[in-house]
Amino acid sequence: MSPLFLGIETSCDETAAAVVAEGRSICSNVVFSQVPMHERYGGVVPELAAREHVSRLLPVVDEALRQAGVGLSELTGIGVTFGPGLIGSLMVGVETAKGLAFGAGLPLFGIHHLRAHLFANLLESDLDPPMLCLLVSGGHTELVLWKAYGVYQRLGSTRDDAAGELLDKVARALELPYPGGPQLERLAALGDPRRFAFPRALLDEPGFDFSFSGLKTAVLRALVHGAPAADVAAACQAAVVDVLVEKTRRAVAQTGEQLVAIGGDVAANGLLRQRLEEAAQVDGFRLHFPPTALCTDNGAMVAAATFDAWQRGCSASLTLTAAADLPIESAG
């Protein structure tokens with residue numbers, strides 16, 4: 001029987017669980033979205049998110065097992081995101097996974113949230129590291145060289161706002177519905193991206209760090225002066241994408257890595273995909289995006305990463321605790 005792993009994800013506002021076979025084949029992938037609850041506040045309220053996980057997680061796990069047609073006793077192990085993320089939300093997932101693992105006599109695996117996003121690229125594919133990875137989400141923007149299973153080198157990260165965070169904040173300033181990123185992308189399609197010359201920070205400096213706080217300030221200043229909303233959205237999105245694409249191209253040139261994989265919810269952005277595809281054709285590197293459904297937080301990516309942790313013998317004890325901050329290079 002193929003190794004089967006349950007993956008549990010509660011790092012932010014998605015309550016998710018999935019069963020994956022051999023680290024590649026998705027048997028089930030259940031996500032309960034909290035968007036309707038948080039949209040009235042214009043963003044995620046951490047305490048409400050944690051409370052919702054408490055009430056929703058076990059039913060989501062039960063549904064994931066039902067759809068996969070397996071019981072807990074047929075699993076090889078259980079993996080859970082233990083960081084980084086919202087500490088209250090993480091604790092719900094970790095404590096639930098510990099209880100399930102103890103009760104079923106299964107090994108437990110603590111999974112790094114950002115590493116899980118990288119493993120989304122391996123689901124339903126034949127990819128393996130090494131590869132260069134661009135991680136872009138609401139909380140993180142990083143370039144990571146995934147050298148081998150269990151070996152990660154962070155090349156650069158944001159010094160302030162993450163790309164997704166910036167897009168969400170601008171969307172809120174434009175009074176767009178939550179979640180803001182996709183709404184801003186729709187509005188940007190109606191605007192002129194050349195209307196405003198917003199800053200592209202750190203492109204004249206060596207290295208692979210990002211900075212989006214200056215762009216945020218420039219955008220908010222333009223809105224104060226009555227700039228057209230669609231043009232602001234288009235120009236802001238173009239500035240973010242320009243930086244992400246240029247830094248990725250430079251990383252390819254410096255590392256010599258010819259496979260580039262993308263992870264995180266901003267990976268669903270249509271302009272980013274288009275521009276990276278154009279860069280791949282010009283520069284000659286291979287490019288891989290996960291399916292859109294696997295760009296946002298989900299349990300399948302956690303289960304895929306759990307298979308790798310199992311193969312490398314990196315199980316966790318029942319003293320596993322949640323960690324709000326956790327570097328991608330951390331052991332495990």
# chains A, B, ... in the order shown; residues from 1 in each chain; ligands from 1
>>> select_by_dssp(residues="segment 21-169 of chain A", states="strand (DSSP E)", output="JSON, numbers by chain")
{"A": [21, 25, 26, 27, 28, 29, 30, 31, 32, 33, 77, 78, 79, 80, 81, 82, 83, 108, 109, 110, 111, 112, 131, 132, 133, 134, 135, 136, 141, 142, 143, 144, 145, 146, 147, 148, 151, 152, 153, 154, 155, 156, 157]}
>>> write_last_selection(atoms="C-alpha atoms", output="mmCIF file, in the first residue's frame")
data_model
loop_
_atom_site.group_PDB
_atom_site.id
_atom_site.type_symbol
_atom_site.label_atom_id
_atom_site.label_comp_id
_atom_site.auth_asym_id
_atom_site.auth_seq_id
_atom_site.Cartn_x
_atom_site.Cartn_y
_atom_site.Cartn_z
ATOM 1 C CA ALA A 21 -0.248 9.348 -1.543
ATOM 2 C CA SER A 25 -1.031 12.105 -5.742
ATOM 3 C CA ILE A 26 -3.871 14.062 -4.175
ATOM 4 C CA CYS A 27 -6.519 11.761 -2.738
ATOM 5 C CA SER A 28 -8.484 14.610 -1.157
ATOM 6 C CA ASN A 29 -7.981 18.312 -0.516
ATOM 7 C CA VAL A 30 -10.573 20.072 1.645
ATOM 8 C CA VAL A 31 -10.414 23.797 2.419
ATOM 9 C CA PHE A 32 -12.865 25.761 4.526
ATOM 10 C CA SER A 33 -12.499 29.462 3.706
ATOM 11 C CA GLY A 77 1.587 9.639 9.395
ATOM 12 C CA ILE A 78 0.177 13.100 10.077
ATOM 13 C CA GLY A 79 1.811 16.392 9.159
ATOM 14 C CA VAL A 80 0.834 19.831 10.414
ATOM 15 C CA THR A 81 1.998 23.354 9.724
ATOM 16 C CA PHE A 82 3.684 24.604 12.909
ATOM 17 C CA GLY A 83 5.060 27.904 11.608
ATOM 18 C CA LEU A 108 3.731 13.261 13.791
ATOM 19 C CA PHE A 109 5.577 15.674 11.511
ATOM 20 C CA GLY A 110 5.942 19.440 11.967
ATOM 21 C CA ILE A 111 5.932 21.171 8.585
ATOM 22 C CA HIS A 112 7.300 24.609 7.726
ATOM 23 C CA MET A 131 15.250 24.580 -8.273
ATOM 24 C CA LEU A 132 15.061 28.303 -7.693
ATOM 25 C CA CYS A 133 11.852 29.296 -5.906
ATOM 26 C CA LEU A 134 10.038 32.607 -5.737
ATOM 27 C CA LEU A 135 7.716 32.653 -2.720
ATOM 28 C CA VAL A 136 5.147 35.450 -2.888
ATOM 29 C CA THR A 141 8.330 37.496 -0.319
ATOM 30 C CA GLU A 142 11.500 35.427 -0.673
ATOM 31 C CA LEU A 143 13.847 33.983 -3.251
ATOM 32 C CA VAL A 144 14.995 30.543 -2.132
ATOM 33 C CA LEU A 145 17.437 28.118 -3.702
ATOM 34 C CA TRP A 146 16.024 24.654 -2.987
ATOM 35 C CA LYS A 147 19.254 22.685 -3.331
ATOM 36 C CA ALA A 148 17.997 19.238 -2.344
ATOM 37 C CA VAL A 151 18.369 21.805 2.061
ATOM 38 C CA TYR A 152 17.238 25.401 1.524
ATOM 39 C CA GLN A 153 19.210 28.611 1.007
ATOM 40 C CA ARG A 154 17.385 31.913 1.292
ATOM 41 C CA LEU A 155 18.882 34.307 -1.255
ATOM 42 C CA GLY A 156 16.772 37.321 -0.342
ATOM 43 C CA SER A 157 13.582 38.426 1.372
#
>>> residues_around(residues="Gln67 of chain A", least_positions_apart="2", cutoff="12 Å", atoms="only C-alpha atoms", output="NGL selection string")
:A and (17-20 or 26-30 or 60-65 or 69-71)
>>> residues_around(residues="Gly270 of chain A", least_positions_apart="3", cutoff="10 Å", atoms="only C-alpha atoms", output="count of residues only")
8
>>> closest_residue(among="A:Ala201, A:Ala101, A:Ala300, A:Val241", to="Leu167 of chain A", atoms="only C-alpha atoms")
A:Val241
>>> closest_residue(among="A:Val94, A:Leu271, A:Ala116, A:Leu220", to="Ala309 of chain A", atoms="only C-alpha atoms")
A:Ala116
>>> residues_around(residues="segment 256-263 of chain A", least_positions_apart="6", cutoff="9 Å", atoms="only C-alpha atoms", output="VMD selection string")
chain A and resid 114 116 to 121 129 to 137 145 248 280 284 to 290 294 to 296
>>> closest_residue(among="A:Glu47, A:Glu278, A:Glu9, A:Glu246", to="Pro206 of chain A", atoms="only C-alpha atoms")
A:Glu246
>>> closest_residue(among="A:Val302, A:Leu4, A:Leu122, A:Ala324", to="Ser73 of chain A", atoms="only C-alpha atoms")
A:Leu4
>>> residues_around(residues="Leu215 of chain A", least_positions_apart="6", cutoff="8 Å", atoms="only C-alpha atoms", output="MDAnalysis selection string")
chainID A and resid 198:201 236 239
>>> atom_distance(atom1="atom CA of Glu39 of chain A", atom2="atom CA of Val224 of chain A")
24.0 Å
>>> decode(residues="segment 110-140 of chain A", atoms="N, CA and C atoms", output="PDB file, in the first residue's frame")
ATOM      1  N   GLY A 110       6.142  17.994  11.997  1.00  0.00           N
ATOM      2  CA  GLY A 110       5.942  19.440  11.967  1.00  0.00           C
ATOM      3  C   GLY A 110       6.456  19.999  10.659  1.00  0.00           C
ATOM      4  N   ILE A 111       5.610  20.715   9.933  1.00  0.00           N
ATOM      5  CA  ILE A 111       5.932  21.171   8.585  1.00  0.00           C
ATOM      6  C   ILE A 111       6.031  22.694   8.541  1.00  0.00           C
ATOM      7  N   HIS A 112       7.087  23.184   7.923  1.00  0.00           N
ATOM      8  CA  HIS A 112       7.300  24.609   7.726  1.00  0.00           C
ATOM      9  C   HIS A 112       6.350  25.104   6.636  1.00  0.00           C
ATOM     10  N   HIS A 113       5.620  26.176   6.930  1.00  0.00           N
ATOM     11  CA  HIS A 113       4.601  26.670   6.003  1.00  0.00           C
ATOM     12  C   HIS A 113       5.177  27.047   4.641  1.00  0.00           C
ATOM     13  N   LEU A 114       6.304  27.743   4.610  1.00  0.00           N
ATOM     14  CA  LEU A 114       6.872  28.171   3.332  1.00  0.00           C
ATOM     15  C   LEU A 114       7.432  26.988   2.546  1.00  0.00           C
ATOM     16  N   ARG A 115       8.027  26.046   3.235  1.00  0.00           N
ATOM     17  CA  ARG A 115       8.487  24.837   2.535  1.00  0.00           C
ATOM     18  C   ARG A 115       7.304  24.105   1.914  1.00  0.00           C
ATOM     19  N   ALA A 116       6.182  24.083   2.625  1.00  0.00           N
ATOM     20  CA  ALA A 116       4.994  23.421   2.078  1.00  0.00           C
ATOM     21  C   ALA A 116       4.573  24.069   0.765  1.00  0.00           C
ATOM     22  N   HIS A 117       4.645  25.402   0.681  1.00  0.00           N
ATOM     23  CA  HIS A 117       4.305  26.074  -0.579  1.00  0.00           C
ATOM     24  C   HIS A 117       5.232  25.624  -1.710  1.00  0.00           C
ATOM     25  N   LEU A 118       6.482  25.329  -1.405  1.00  0.00           N
ATOM     26  CA  LEU A 118       7.383  24.816  -2.434  1.00  0.00           C
ATOM     27  C   LEU A 118       6.932  23.433  -2.891  1.00  0.00           C
ATOM     28  N   PHE A 119       6.497  22.610  -1.952  1.00  0.00           N
ATOM     29  CA  PHE A 119       6.073  21.253  -2.284  1.00  0.00           C
ATOM     30  C   PHE A 119       4.789  21.232  -3.116  1.00  0.00           C
ATOM     31  N   ALA A 120       4.043  22.325  -3.122  1.00  0.00           N
ATOM     32  CA  ALA A 120       2.871  22.393  -3.994  1.00  0.00           C
ATOM     33  C   ALA A 120       3.269  22.193  -5.453  1.00  0.00           C
ATOM     34  N   ASN A 121       4.502  22.548  -5.795  1.00  0.00           N
ATOM     35  CA  ASN A 121       4.986  22.373  -7.159  1.00  0.00           C
ATOM     36  C   ASN A 121       5.222  20.906  -7.518  1.00  0.00           C
ATOM     37  N   LEU A 122       5.387  20.055  -6.514  1.00  0.00           N
ATOM     38  CA  LEU A 122       5.655  18.647  -6.767  1.00  0.00           C
ATOM     39  C   LEU A 122       4.389  17.819  -6.911  1.00  0.00           C
ATOM     40  N   LEU A 123       3.264  18.354  -6.436  1.00  0.00           N
ATOM     41  CA  LEU A 123       2.015  17.609  -6.515  1.00  0.00           C
ATOM     42  C   LEU A 123       1.576  17.422  -7.959  1.00  0.00           C
ATOM     43  N   GLU A 124       1.193  16.211  -8.281  1.00  0.00           N
ATOM     44  CA  GLU A 124       0.742  15.857  -9.629  1.00  0.00           C
ATOM     45  C   GLU A 124       1.771  16.247 -10.686  1.00  0.00           C
ATOM     46  N   SER A 125       3.061  16.181 -10.338  1.00  0.00           N
ATOM     47  CA  SER A 125       4.126  16.498 -11.293  1.00  0.00           C
ATOM     48  C   SER A 125       5.291  15.545 -11.061  1.00  0.00           C
ATOM     49  N   ASP A 126       6.321  15.644 -11.910  1.00  0.00           N
ATOM     50  CA  ASP A 126       7.515  14.810 -11.743  1.00  0.00           C
ATOM     51  C   ASP A 126       8.736  15.663 -11.397  1.00  0.00           C
ATOM     52  N   LEU A 127       8.504  16.865 -10.880  1.00  0.00           N
ATOM     53  CA  LEU A 127       9.596  17.760 -10.533  1.00  0.00           C
ATOM     54  C   LEU A 127      10.314  17.300  -9.268  1.00  0.00           C
ATOM     55  N   ASP A 128      11.593  17.611  -9.191  1.00  0.00           N
ATOM     56  CA  ASP A 128      12.402  17.394  -7.996  1.00  0.00           C
ATOM     57  C   ASP A 128      13.386  18.542  -7.887  1.00  0.00           C
ATOM     58  N   PRO A 129      13.838  18.867  -6.657  1.00  0.00           N
ATOM     59  CA  PRO A 129      14.920  19.844  -6.545  1.00  0.00           C
ATOM     60  C   PRO A 129      16.199  19.245  -7.127  1.00  0.00           C
ATOM     61  N   PRO A 130      17.146  20.124  -7.535  1.00  0.00           N
ATOM     62  CA  PRO A 130      17.256  21.544  -7.203  1.00  0.00           C
ATOM     63  C   PRO A 130      16.388  22.430  -8.092  1.00  0.00           C
ATOM     64  N   MET A 131      15.991  23.574  -7.529  1.00  0.00           N
ATOM     65  CA  MET A 131      15.250  24.580  -8.273  1.00  0.00           C
ATOM     66  C   MET A 131      15.315  25.912  -7.530  1.00  0.00           C
ATOM     67  N   LEU A 132      15.167  26.974  -8.274  1.00  0.00           N
ATOM     68  CA  LEU A 132      15.061  28.303  -7.693  1.00  0.00           C
ATOM     69  C   LEU A 132      13.588  28.580  -7.443  1.00  0.00           C
ATOM     70  N   CYS A 133      13.255  29.105  -6.266  1.00  0.00           N
ATOM     71  CA  CYS A 133      11.852  29.296  -5.906  1.00  0.00           C
ATOM     72  C   CYS A 133      11.580  30.745  -5.532  1.00  0.00           C
ATOM     73  N   LEU A 134      10.537  31.294  -6.114  1.00  0.00           N
ATOM     74  CA  LEU A 134      10.038  32.607  -5.737  1.00  0.00           C
ATOM     75  C   LEU A 134       8.785  32.401  -4.895  1.00  0.00           C
ATOM     76  N   LEU A 135       8.849  32.777  -3.633  1.00  0.00           N
ATOM     77  CA  LEU A 135       7.716  32.653  -2.720  1.00  0.00           C
ATOM     78  C   LEU A 135       7.074  34.025  -2.548  1.00  0.00           C
ATOM     79  N   VAL A 136       5.830  34.156  -2.967  1.00  0.00           N
ATOM     80  CA  VAL A 136       5.147  35.450  -2.888  1.00  0.00           C
ATOM     81  C   VAL A 136       3.752  35.241  -2.300  1.00  0.00           C
ATOM     82  N   SER A 137       3.533  35.834  -1.121  1.00  0.00           N
ATOM     83  CA  SER A 137       2.251  35.669  -0.447  1.00  0.00           C
ATOM     84  C   SER A 137       1.930  36.928   0.343  1.00  0.00           C
ATOM     85  N   GLY A 138       0.840  36.855   1.106  1.00  0.00           N
ATOM     86  CA  GLY A 138       0.453  37.995   1.916  1.00  0.00           C
ATOM     87  C   GLY A 138       1.423  38.291   3.040  1.00  0.00           C
ATOM     88  N   GLY A 139       2.171  37.293   3.472  1.00  0.00           N
ATOM     89  CA  GLY A 139       3.095  37.498   4.582  1.00  0.00           C
ATOM     90  C   GLY A 139       4.557  37.363   4.242  1.00  0.00           C
ATOM     91  N   HIS A 140       4.864  36.873   3.026  1.00  0.00           N
ATOM     92  CA  HIS A 140       6.253  36.565   2.708  1.00  0.00           C
ATOM     93  C   HIS A 140       6.572  36.878   1.250  1.00  0.00           C
TER      94      HIS A 140
END
